[in-house]
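J.: Structure below; questions to follow.
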Amino acid sequence: QTVPEFQHSDEPRNPFPTDVYYLGNMIREDFMTGKVGFDFMAGLVNDMVQDDPSKRPTMDEVVARFEGIRKALSRSKLRSRVISKDESKVDGVFRSIAHWTRRIWFVMRRIPPVPVL
């Protein structure tokens with residue numbers, strides 16, 4: 001258990017700050033640690049994994065902040081390829097070719113980088 005409030009206590013806690021922590025920790029471990037280019041999420045994720053649950057944002061605040069972050073990103077950034085930090089140069093070349101082929105196809109068809117509901 002990585003949640004700080006459960007490290008030394010078995011007493012019942014409000015589950016919602018724990019959910020925020022788990023989501024922030026998952027983003028940190030799966031995207032920010034193992035991938036390149038997710039630095040724009042650092043401030044939000046750091047707030048989500050605060051040791052003190054009362055200092056964490058609510059899930060509504062997380063959603064609102066993420067939407068603001070997403071809106072501030074360029075179309076180019078939103079269409080950029082997710083790259084693993086341990087990706088070999090050879091794999092990178094082949095994946096980049098496939099990515100740019102799809103990217104050009106999406107741009108030509110005017111498909112937005114983020115689906116519109």
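Residue numbers start at 1 in each chain; chains themselves are named A, B, ... in the order of the structure tokens; ligands are numbered from 1 in the order shown.
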I'd like a table as CSV: residues in segment 8-74 of chain A with an atom no more than 12 Å from segment 87-95 of chain A, each row giving the shortest atom pair and its distance in Å to one decimal, only C-alpha atoms counted, sorted by chain and rising residue number.
T.:
```
residue,atom,partner,partner_atom,distance
A:Gly34,CA,A:Glu87,CA,10.0
A:Lys35,CA,A:Glu87,CA,9.3
A:Val36,CA,A:Glu87,CA,10.2
```
J.: Could you turn the residues from that selection into a file that holds N, CA and C atoms, as a short mmCIF file (atom, residue, chain, number, x, y, z; two decimals), in the first residue's frame?
T.:
```cif
data_model
loop_
_atom_site.label_atom_id
_atom_site.label_comp_id
_atom_site.auth_asym_id
_atom_site.auth_seq_id
_atom_site.Cartn_x
_atom_site.Cartn_y
_atom_site.Cartn_z
N GLY A 34 7.83 6.20 -16.93
CA GLY A 34 8.24 5.32 -18.02
C GLY A 34 8.18 5.90 -19.41
N LYS A 35 7.62 7.08 -19.56
CA LYS A 35 7.44 7.68 -20.89
C LYS A 35 8.09 9.05 -20.96
N VAL A 36 8.26 9.53 -22.19
CA VAL A 36 8.86 10.85 -22.44
C VAL A 36 7.75 11.83 -22.78
#
```
J.: Give me every strand (DSSP E) residue in chain A, going by DSSP on the backbone, as a list in words.
T.: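 Put together, the selection reads Lys35, Val36, Ile83 and Ser84 of chain A.
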J.: Grab the residues selected above and save them as a CSV table (one decimal), in the first residue's frame with C-alpha atoms.
T.:
```csv
chain,number,residue,atom,x,y,z
A,35,LYS,CA,7.4,7.7,-20.9
A,36,VAL,CA,8.9,10.8,-22.4
A,83,ILE,CA,7.7,7.3,-26.4
A,84,SER,CA,8.9,4.8,-23.8
```
J.: Set the distance at 10 Å and use only C-alpha atoms: which residues neighbour Arg79 of chain A once local chain neighbours fewer than 2 positions away are removed? I'd like the list as a list in words.
T.: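 Near neighbours after the sequence-gap exclusion: Ser74, Arg75, Ser76, Lys77, Arg81, Val82, His99, Trp100, Arg102, Arg103, Phe106, Val107, Pro112, Pro113 and Val114 of chain A.
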J.: Write the selection just made, keeping N, CA and C atoms, as a JSON list (two decimals), in the first residue's frame?
T.:
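Output contents, as saved in out_34.json:
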```
[["chain", "number", "residue", "atom", "x", "y", "z"],
["A", 74, "SER", "N", -0.80, 22.40, -27.47],
["A", 74, "SER", "CA", -0.96, 22.62, -28.91],
["A", 74, "SER", "C", -1.49, 21.35, -29.58],
["A", 75, "ARG", "N", -2.03, 21.52, -30.79],
["A", 75, "ARG", "CA", -2.48, 20.36, -31.56],
["A", 75, "ARG", "C", -1.30, 19.42, -31.81],
["A", 76, "SER", "N", -0.15, 20.00, -32.05],
["A", 76, "SER", "CA", 1.04, 19.19, -32.31],
["A", 76, "SER", "C", 1.37, 18.32, -31.10],
["A", 77, "LYS", "N", 1.31, 18.91, -29.90],
["A", 77, "LYS", "CA", 1.60, 18.15, -28.68],
["A", 77, "LYS", "C", 0.55, 17.05, -28.47],
["A", 81, "ARG", "N", 3.61, 11.44, -30.43],
["A", 81, "ARG", "CA", 3.72, 10.02, -30.11],
["A", 81, "ARG", "C", 4.19, 9.82, -28.67],
["A", 82, "VAL", "N", 3.61, 8.85, -27.99],
["A", 82, "VAL", "CA", 4.07, 8.48, -26.65],
["A", 82, "VAL", "C", 5.28, 7.57, -26.82],
["A", 99, "HIS", "N", 3.63, 6.29, -36.88],
["A", 99, "HIS", "CA", 2.94, 7.40, -36.23],
["A", 99, "HIS", "C", 2.70, 8.55, -37.21],
["A", 100, "TRP", "N", 3.74, 8.95, -37.94],
["A", 100, "TRP", "CA", 3.60, 10.07, -38.88],
["A", 100, "TRP", "C", 2.64, 9.72, -40.01],
["A", 102, "ARG", "N", -0.07, 7.81, -39.73],
["A", 102, "ARG", "CA", -1.41, 8.00, -39.13],
["A", 102, "ARG", "C", -1.68, 9.48, -38.88],
["A", 103, "ARG", "N", -0.70, 10.18, -38.38],
["A", 103, "ARG", "CA", -0.88, 11.60, -38.05],
["A", 103, "ARG", "C", -1.25, 12.40, -39.30],
["A", 106, "PHE", "N", -4.81, 11.61, -40.31],
["A", 106, "PHE", "CA", -5.79, 12.28, -39.45],
["A", 106, "PHE", "C", -5.89, 13.77, -39.77],
["A", 107, "VAL", "N", -4.77, 14.42, -39.99],
["A", 107, "VAL", "CA", -4.78, 15.86, -40.31],
["A", 107, "VAL", "C", -5.48, 16.09, -41.64],
["A", 112, "PRO", "N", -9.94, 15.77, -35.29],
["A", 112, "PRO", "CA", -9.29, 16.50, -34.20],
["A", 112, "PRO", "C", -8.43, 15.57, -33.34],
["A", 113, "PRO", "N", -7.38, 16.12, -32.71],
["A", 113, "PRO", "CA", -6.51, 15.29, -31.87],
["A", 113, "PRO", "C", -7.23, 14.73, -30.64],
["A", 114, "VAL", "N", -8.24, 15.44, -30.16],
["A", 114, "VAL", "CA", -9.05, 14.97, -29.04],
["A", 114, "VAL", "C", -10.49, 14.89, -29.55]]
```
J.: Could you please determine the separation between atom CA of Pro4 of chain A and atom CA of Asp51 of chain A in Å, to one decimal place?
T.: 5.5 Å
J.: Write out as a PyMOL selection string the set of residues from segment 30-83 of chain A that DSSP, computed on the backbone, places in alpha helix (DSSP H).
T.: chain A and resi 42-48+59-72+75-78
J.: Point out the residue among A:Thr2, A:Phe40, A:Glu11, A:Val45 with the least atom-to-atom distance to Ile27 of chain A, counting only C-alpha atoms.
T.: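 When distances to Ile27 of chain A are compared using only C-alpha atoms, the smallest one comes from A:Val45.
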J.: Pick the closest to Arg70 of chain A from A:Val49, A:Leu117, A:Met32, A:Leu44: which is it, counting only C-alpha atoms?
T.: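 Result for the nearest residue to Arg70 of chain A: A:Leu44.
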J.: Find the spatial neighbours of Tyr22 of chain A, counting only C-alpha atoms, within a cut-off of 8 Å - ignore same-chain residues fewer than 4 positions away - and output them as JSON, numbers by chain.
T.: {"A": [3, 18, 26, 49]}
J.: Suppose you want the space between atom CA of Gly68 of chain A and atom CA of Thr33 of chain A; what is it in Å?
T.: 22.4 Å
J.: Which is closer to Asp19 of chain A than all the others in A:Thr58, A:Asp52, A:Lys85, A:Gly43, using only C-alpha atoms?
T.: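 Result for the nearest residue to Asp19 of chain A: A:Thr58.
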J.: Can you measure atom CA of Met48 of chain A to atom CA of Asp60 of chain A for me? One decimal in Å is fine.
T.: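 Calculated distance between atom CA of Met48 of chain A and atom CA of Asp60 of chain A is 12.0 Å.
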J.: So which one's closest to Gln50 of chain A, A:Phe38, A:Trp105, A:Phe31, A:Tyr21? Using only C-alpha atoms, please.
T.: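 Between A:Phe38, A:Trp105, A:Phe31, A:Tyr21, the residue approaching Gln50 of chain A most closely is A:Tyr21.
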J.: Do a neighbour search on Pro57 of chain A at 9 Å with only C-alpha atoms, toss out local chain neighbours closer than 2 positions, and write the hits as a PyMOL selection string.
T.: chain A and resi 17+20+44+47-48+53-55+59-62
J.: Which one of A:Pro115, A:Gly24, A:Gly37, A:Pro15 sits closest to Phe66 of chain A if you count only C-alpha atoms?
T.: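 Closest to Phe66 of chain A of all the choices is A:Gly24.
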